file upload26.pdb (PDB, C-alpha atoms, pLDDT in the B column)
ATOM      1  CA  MET A   7      19.422  13.492  -2.293  1.00 42.00           C
ATOM      2  CA  LYS A   8      21.200  12.702   0.941  1.00 43.00           C
ATOM      3  CA  LEU A   9      20.713   9.231   2.338  1.00 41.00           C
ATOM      4  CA  ARG A  10      22.270   7.564   5.344  1.00 38.00           C
ATOM      5  CA  ALA A  11      23.829   4.219   4.461  1.00 33.00           C
ATOM      6  CA  LYS A  12      22.047   2.327   7.243  1.00 36.00           C
ATOM      7  CA  GLU A  13      18.654   3.438   5.870  1.00 41.00           C
ATOM      8  CA  VAL A  14      19.327   2.419   2.291  1.00 44.00           C
ATOM      9  CA  ILE A  15      18.840  -1.006   0.772  1.00 44.00           C
ATOM     10  CA  ARG A  16      19.863  -1.000  -2.887  1.00 46.00           C
ATOM     11  CA  LEU A  17      18.199  -3.548  -5.101  1.00 48.00           C
ATOM     12  CA  GLY A  18      17.566  -3.553  -8.820  1.00 48.00           C
ATOM     13  CA  SER A  19      19.522  -1.968 -11.631  1.00 50.00           C
ATOM     14  CA  GLN A  20      20.986   1.440 -12.350  1.00 49.00           C
ATOM     15  CA  GLY A  21      18.691   3.793 -14.231  1.00 56.00           C
ATOM     16  CA  ALA A  22      15.572   2.173 -12.804  1.00 75.00           C
ATOM     17  CA  THR A  23      12.917   3.990 -10.830  1.00 89.00           C
ATOM     18  CA  THR A  24      13.700   4.362  -7.143  1.00 92.00           C
ATOM     19  CA  VAL A  25      10.930   3.456  -4.709  1.00 95.00           C
ATOM     20  CA  LEU A  26      11.222   5.012  -1.265  1.00 96.00           C
ATOM     21  CA  PHE A  27       9.293   2.923   1.259  1.00 97.00           C
ATOM     22  CA  CYS A  28       8.474   4.611   4.558  1.00 98.00           C
ATOM     23  CA  ASP A  29       7.042   2.682   7.504  1.00 97.00           C
ATOM     24  CA  ASP A  30       7.692   2.710  11.243  1.00 95.00           C
ATOM     25  CA  ASP A  31       7.300  -1.069  11.614  1.00 95.00           C
ATOM     26  CA  VAL A  32      10.664  -2.808  11.206  1.00 94.00           C
ATOM     27  CA  ASP A  33       8.922  -6.108  10.409  1.00 95.00           C
ATOM     28  CA  ASP A  34       7.015  -4.441   7.552  1.00 96.00           C
ATOM     29  CA  LEU A  35      10.237  -2.895   6.248  1.00 96.00           C
ATOM     30  CA  ASP A  36      11.892  -6.332   6.260  1.00 96.00           C
ATOM     31  CA  LEU A  37       8.873  -7.994   4.616  1.00 96.00           C
ATOM     32  CA  VAL A  38       8.825  -5.442   1.806  1.00 97.00           C
ATOM     33  CA  VAL A  39      12.560  -5.834   1.208  1.00 97.00           C
ATOM     34  CA  ASP A  40      12.161  -9.621   1.038  1.00 97.00           C
ATOM     35  CA  GLY A  41       9.066  -9.301  -1.164  1.00 97.00           C
ATOM     36  CA  TRP A  42      10.858  -6.863  -3.486  1.00 96.00           C
ATOM     37  CA  GLN A  43      13.672  -9.365  -3.930  1.00 96.00           C
ATOM     38  CA  ASP A  44      11.325 -12.334  -4.381  1.00 97.00           C
ATOM     39  CA  ALA A  45       9.300 -10.384  -6.948  1.00 97.00           C
ATOM     40  CA  LYS A  46      12.571  -9.777  -8.837  1.00 95.00           C
ATOM     41  CA  CYS A  47      11.763  -6.084  -9.098  1.00 94.00           C
ATOM     42  CA  VAL A  48      14.077  -4.032 -11.312  1.00 90.00           C
ATOM     43  CA  GLY A  49      13.492  -0.739  -9.524  1.00 89.00           C
ATOM     44  CA  LEU A  50      15.663   0.349  -6.637  1.00 91.00           C
ATOM     45  CA  LEU A  51      14.164   0.129  -3.144  1.00 94.00           C
ATOM     46  CA  GLU A  52      15.186   2.407  -0.296  1.00 94.00           C
ATOM     47  CA  THR A  53      13.589   2.107   3.130  1.00 96.00           C
ATOM     48  CA  PHE A  54      13.002   4.688   5.850  1.00 96.00           C
ATOM     49  CA  ASP A  55      11.796   3.926   9.342  1.00 95.00           C
ATOM     50  CA  GLY A  56       9.721   7.044   9.888  1.00 96.00           C
ATOM     51  CA  GLY A  57       8.377  10.123   8.177  1.00 97.00           C
ATOM     52  CA  ALA A  58      10.999  12.498   9.576  1.00 97.00           C
ATOM     53  CA  LYS A  59      13.818  10.407   8.094  1.00 96.00           C
ATOM     54  CA  LEU A  60      12.133  10.338   4.687  1.00 97.00           C
ATOM     55  CA  LEU A  61      11.582  14.106   4.680  1.00 97.00           C
ATOM     56  CA  ASP A  62      15.181  14.651   5.787  1.00 96.00           C
ATOM     57  CA  ALA A  63      16.440  12.496   2.917  1.00 94.00           C
ATOM     58  CA  LEU A  64      14.265  14.407   0.438  1.00 95.00           C
ATOM     59  CA  SER A  65      15.418  17.814   1.676  1.00 91.00           C
ATOM     60  CA  GLY A  66      16.894  19.669  -1.273  1.00 82.00           C
ATOM     61  CA  PHE A  67      15.999  16.959  -3.790  1.00 83.00           C
ATOM     62  CA  THR A  68      15.383  18.364  -7.283  1.00 78.00           C
ATOM     63  CA  GLY A  69      15.643  15.278  -9.493  1.00 78.00           C
ATOM     64  CA  SER A  70      13.241  12.746 -10.912  1.00 82.00           C
ATOM     65  CA  GLY A  71      12.683   9.003 -10.963  1.00 89.00           C
ATOM     66  CA  LEU A  72      11.307   8.639  -7.447  1.00 94.00           C
ATOM     67  CA  VAL A  73       8.092   7.101  -6.155  1.00 96.00           C
ATOM     68  CA  VAL A  74       7.154   7.038  -2.467  1.00 97.00           C
ATOM     69  CA  LEU A  75       5.294   4.142  -0.818  1.00 98.00           C
ATOM     70  CA  LEU A  76       4.014   5.654   2.412  1.00 98.00           C
ATOM     71  CA  ASP A  77       2.430   4.220   5.529  1.00 98.00           C
ATOM     72  CA  LEU A  78      -0.100   6.547   7.158  1.00 97.00           C
ATOM     73  CA  ASN A  79       0.007   5.611  10.818  1.00 94.00           C
ATOM     74  CA  MET A  80       3.439   6.296  12.249  1.00 95.00           C
ATOM     75  CA  PRO A  81       4.486   7.976  15.496  1.00 95.00           C
ATOM     76  CA  GLY A  82       6.004  11.420  15.230  1.00 95.00           C
ATOM     77  CA  VAL A  83       5.835  12.597  11.631  1.00 97.00           C
ATOM     78  CA  ASP A  84       3.007  10.473  10.253  1.00 97.00           C
ATOM     79  CA  GLY A  85       2.152   9.712   6.646  1.00 98.00           C
ATOM     80  CA  TRP A  86      -0.468  12.464   6.459  1.00 98.00           C
ATOM     81  CA  THR A  87       2.145  15.032   7.437  1.00 98.00           C
ATOM     82  CA  VAL A  88       4.666  13.665   4.935  1.00 98.00           C
ATOM     83  CA  LEU A  89       2.072  13.763   2.141  1.00 98.00           C
ATOM     84  CA  LYS A  90       1.034  17.347   2.979  1.00 98.00           C
ATOM     85  CA  ARG A  91       4.622  18.584   3.157  1.00 97.00           C
ATOM     86  CA  MET A  92       5.624  16.899  -0.083  1.00 97.00           C
ATOM     87  CA  LYS A  93       2.641  18.254  -1.997  1.00 98.00           C
ATOM     88  CA  ALA A  94       3.225  21.766  -0.586  1.00 97.00           C
ATOM     89  CA  ASP A  95       6.897  21.803  -1.645  1.00 95.00           C
ATOM     90  CA  PRO A  96       7.468  22.908  -5.259  1.00 93.00           C
ATOM     91  CA  GLU A  97      10.563  20.672  -5.486  1.00 91.00           C
ATOM     92  CA  LEU A  98       8.791  17.550  -4.194  1.00 94.00           C
ATOM     93  CA  ARG A  99       5.163  17.824  -5.277  1.00 94.00           C
ATOM     94  CA  HIS A 100       5.849  16.066  -8.601  1.00 94.00           C
ATOM     95  CA  ILE A 101       7.004  12.884  -6.809  1.00 96.00           C
ATOM     96  CA  PRO A 102       4.177  10.329  -6.843  1.00 97.00           C
ATOM     97  CA  VAL A 103       3.137   9.205  -3.382  1.00 98.00           C
ATOM     98  CA  VAL A 104       1.307   5.891  -3.103  1.00 98.00           C
ATOM     99  CA  ILE A 105      -0.293   5.249   0.267  1.00 98.00           C
ATOM    100  CA  PHE A 106       0.605   1.741   1.487  1.00 98.00           C
ATOM    101  CA  THR A 107      -1.241   1.100   4.725  1.00 97.00           C
ATOM    102  CA  THR A 108      -3.331  -1.403   6.659  1.00 96.00           C
ATOM    103  CA  SER A 109      -6.403   0.806   6.326  1.00 96.00           C
ATOM    104  CA  SER A 110      -9.113   0.173   3.778  1.00 96.00           C
ATOM    105  CA  ALA A 111     -11.439   2.824   5.205  1.00 96.00           C
ATOM    106  CA  ASP A 112     -13.244   4.967   2.642  1.00 98.00           C
ATOM    107  CA  HIS A 113     -12.399   8.163   4.539  1.00 97.00           C
ATOM    108  CA  ASP A 114      -8.648   7.360   4.380  1.00 98.00           C
ATOM    109  CA  ILE A 115      -8.873   6.584   0.669  1.00 98.00           C
ATOM    110  CA  HIS A 116     -10.797   9.797  -0.106  1.00 98.00           C
ATOM    111  CA  ARG A 117      -8.524  11.941   2.053  1.00 98.00           C
ATOM    112  CA  SER A 118      -5.395  10.441   0.463  1.00 98.00           C
ATOM    113  CA  TYR A 119      -6.525  11.361  -3.037  1.00 98.00           C
ATOM    114  CA  ASP A 120      -7.810  14.759  -1.902  1.00 98.00           C
ATOM    115  CA  GLU A 121      -4.367  15.510  -0.480  1.00 98.00           C
ATOM    116  CA  GLY A 122      -2.533  14.509  -3.662  1.00 98.00           C
ATOM    117  CA  ALA A 123      -1.737  10.803  -3.407  1.00 98.00           C
ATOM    118  CA  ALA A 124      -1.160   9.025  -6.725  1.00 98.00           C
ATOM    119  CA  GLY A 125      -2.584   5.772  -5.413  1.00 98.00           C
ATOM    120  CA  PHE A 126      -3.820   3.867  -2.383  1.00 98.00           C
ATOM    121  CA  ILE A 127      -2.884   0.257  -1.596  1.00 98.00           C
ATOM    122  CA  THR A 128      -4.112  -1.661   1.412  1.00 98.00           C
ATOM    123  CA  LYS A 129      -1.257  -3.839   2.654  1.00 97.00           C
ATOM    124  CA  PRO A 130      -1.865  -7.446   1.601  1.00 97.00           C
ATOM    125  CA  SER A 131      -2.554 -10.001   4.311  1.00 96.00           C
ATOM    126  CA  SER A 132      -0.340 -12.753   2.848  1.00 98.00           C
ATOM    127  CA  TYR A 133       3.268 -12.786   1.753  1.00 98.00           C
ATOM    128  CA  ASP A 134       2.404 -14.150  -1.702  1.00 98.00           C
ATOM    129  CA  ASP A 135      -0.066 -11.312  -2.221  1.00 98.00           C
ATOM    130  CA  LEU A 136       2.593  -8.825  -1.057  1.00 98.00           C
ATOM    131  CA  VAL A 137       5.022 -10.150  -3.678  1.00 98.00           C
ATOM    132  CA  THR A 138       2.333  -9.806  -6.353  1.00 98.00           C
ATOM    133  CA  VAL A 139       1.504  -6.242  -5.287  1.00 98.00           C
ATOM    134  CA  LEU A 140       5.158  -5.205  -5.203  1.00 97.00           C
ATOM    135  CA  SER A 141       5.728  -6.693  -8.644  1.00 97.00           C
ATOM    136  CA  GLY A 142       2.799  -4.641  -9.912  1.00 97.00           C
ATOM    137  CA  VAL A 143       4.099  -1.469  -8.256  1.00 96.00           C
ATOM    138  CA  ASP A 144       7.533  -1.991  -9.788  1.00 94.00           C
ATOM    139  CA  ASN A 145       6.140  -2.767 -13.239  1.00 94.00           C
ATOM    140  CA  TYR A 146       3.748   0.196 -13.221  1.00 95.00           C
ATOM    141  CA  TRP A 147       6.226   2.844 -12.081  1.00 93.00           C
ATOM    142  CA  ASP A 148       9.264   1.447 -13.894  1.00 89.00           C
ATOM    143  CA  ASN A 149       7.757   0.261 -17.196  1.00 87.00           C
ATOM    144  CA  THR A 150       4.292   1.695 -17.726  1.00 92.00           C
ATOM    145  CA  VAL A 151       4.165   5.394 -16.818  1.00 91.00           C
ATOM    146  CA  GLN A 152       6.566   8.213 -17.415  1.00 88.00           C
ATOM    147  CA  LEU A 153       7.640  10.048 -14.314  1.00 87.00           C
ATOM    148  CA  HIS A 154       8.075  13.813 -14.144  1.00 84.00           C
ATOM    149  CA  PRO A 155      11.372  14.685 -15.853  1.00 80.00           C
ATOM    150  CA  ALA A 156      14.195  16.356 -13.956  1.00 70.00           C
ATOM    151  CA  THR A 157      14.213  20.130 -14.191  1.00 60.00           C
TER     152      THR A 157
END

call {"tool": "encode", "arguments": {"input": "upload26.pdb", "output": "structure tokens"}}
result
Amino acid sequence: MKLRAKEVIRLGSQGATTVLFCDDDVDDLDLVVDGWQDAKCVGLLETFDGGAKLLDALSGFTGSGLVVLLDLNMPGVDGWTVLKRMKADPELRHIPVVIFTTSSADHDIHRSYDEGAAGFITKPSSYDDLVTVLSGVDNYWDNTVQLHPAT
């Protein structure tokens, strides 16, 4: 996977699951980084400020150990487009995509699952709740489930 240094924030320990967080809002990116640290997550966190940058970083990726946290509403390449492209690509479709958005609308939830999302999380309204959610995300994907093995 190719990643530009300015888009990558490495936290956690080697061998842990890598969570790719994609959002166009710089404040949300910063909040998630802070929350990830405060939650003492063991997984690695990498941030991308837009769908095109995430897809570019994933281009040619054939490994395992990734989970994507994806905002839906972004200018340019939005979350819906990212989800569709990932699930249509034989090299990427095994990567779990968890929608992480401000929406709690039933139609967004249904559409997300219909298009292959592994989960749907409405962004918490408080920082403490964000830390709790991120801790749960890290624990679930790093300690509870087994991700698709590398081919």

call {"tool": "closest_residue", "arguments": {"input": "upload26.pdb", "among": "A:Leu64, A:Leu72, A:Ile105, A:Ile127", "to": "A:Arg91", "atoms": "all atoms listed in the file"}}
result
A:Leu64

call {"tool": "resolve_selection", "arguments": {"input": "upload26.pdb", "expression": "the PyMOL selection byres ((chain A and resi 60) around 10)", "output": "list in words"}}
result
Leu9, Glu13, Leu26, Phe27, Cys28, Asp29, Glu52, Thr53, Phe54, Asp55, Gly56, Gly57, Ala58, Lys59, Leu61, Asp62, Ala63, Leu64, Ser65, Val74, Leu76, Val83 and Val88 of chain A

call {"tool": "resolve_selection", "arguments": {"input": "upload26.pdb", "expression": "the PyMOL selection byres ((chain A and resi 102) around 7)", "output": "ChimeraX atom specification"}}
result
/A:73-74,100-101,103-104,123-124

call {"tool": "closest_residue", "arguments": {"input": "upload26.pdb", "among": "A:Leu51, A:Thr128, A:Ala111, A:Trp86", "to": "A:Asp36", "atoms": "all atoms listed in the file"}}
result
A:Leu51

call {"tool": "residues_around", "arguments": {"input": "upload26.pdb", "residues": "stretch 139-149 of chain A", "least_positions_apart": "4", "cutoff": "6 Å", "atoms": "only C-alpha atoms", "output": "VMD selection string"}}
result
chain A and resid 23 45 47

call {"tool": "residues_near_point", "arguments": {"input": "upload26.pdb", "point": "(-1.7, -3.4, 5.8)", "cutoff": "9 Å", "atoms": "only C-alpha atoms", "output": "PyMOL selection string"}}
result
chain A and resi 34+77+106-110+127-131

call {"tool": "closest_residue", "arguments": {"input": "upload26.pdb", "among": "A:Glu121, A:Asp84, A:Asp95, A:Pro155", "to": "A:Gly69", "atoms": "only C-alpha atoms"}}
result
A:Pro155

call {"tool": "axis_aligned_box", "arguments": {"input": "upload26.pdb", "around": "stretch 123-142 of chain A", "padding_each_side": "6 Å", "output": "AutoDock Vina command-line options"}}
result
--center_x 0.8 --center_y -1.7 --center_z -2.8 --size_x 21.8 --size_y 37.0 --size_z 26.2

call {"tool": "closest_residue", "arguments": {"input": "upload26.pdb", "among": "A:Arg99, A:Val39, A:Leu78, A:Tyr133", "to": "A:Asp114", "atoms": "only C-alpha atoms"}}
result
A:Leu78

call {"tool": "atom_distance", "arguments": {"input": "upload26.pdb", "atom1": "atom CA of A:Thr138", "atom2": "atom CA of A:Met92"}}
result
27.6 Å

call {"tool": "atom_distance", "arguments": {"input": "upload26.pdb", "atom1": "atom CA of A:Leu153", "atom2": "atom CA of A:Val137"}}
result
23.0 Å

call {"tool": "atom_distance", "arguments": {"input": "upload26.pdb", "atom1": "atom CA of A:His154", "atom2": "atom CA of A:Leu136"}}
result
26.7 Å

call {"tool": "residues_around", "arguments": {"input": "upload26.pdb", "residues": "A:Gly122", "least_positions_apart": "3", "cutoff": "7 Å", "atoms": "only C-alpha atoms", "output": "PyMOL selection string"}}
result
chain A and resi 93+118-119

call {"tool": "write_last_selection", "arguments": {"input": "upload26.pdb", "atoms": "C-alpha atoms", "output": "CSV table (one decimal), in the coordinates of the input"}}
result
chain,number,residue,atom,x,y,z
A,93,LYS,CA,2.6,18.3,-2.0
A,118,SER,CA,-5.4,10.4,0.5
A,119,TYR,CA,-6.5,11.4,-3.0
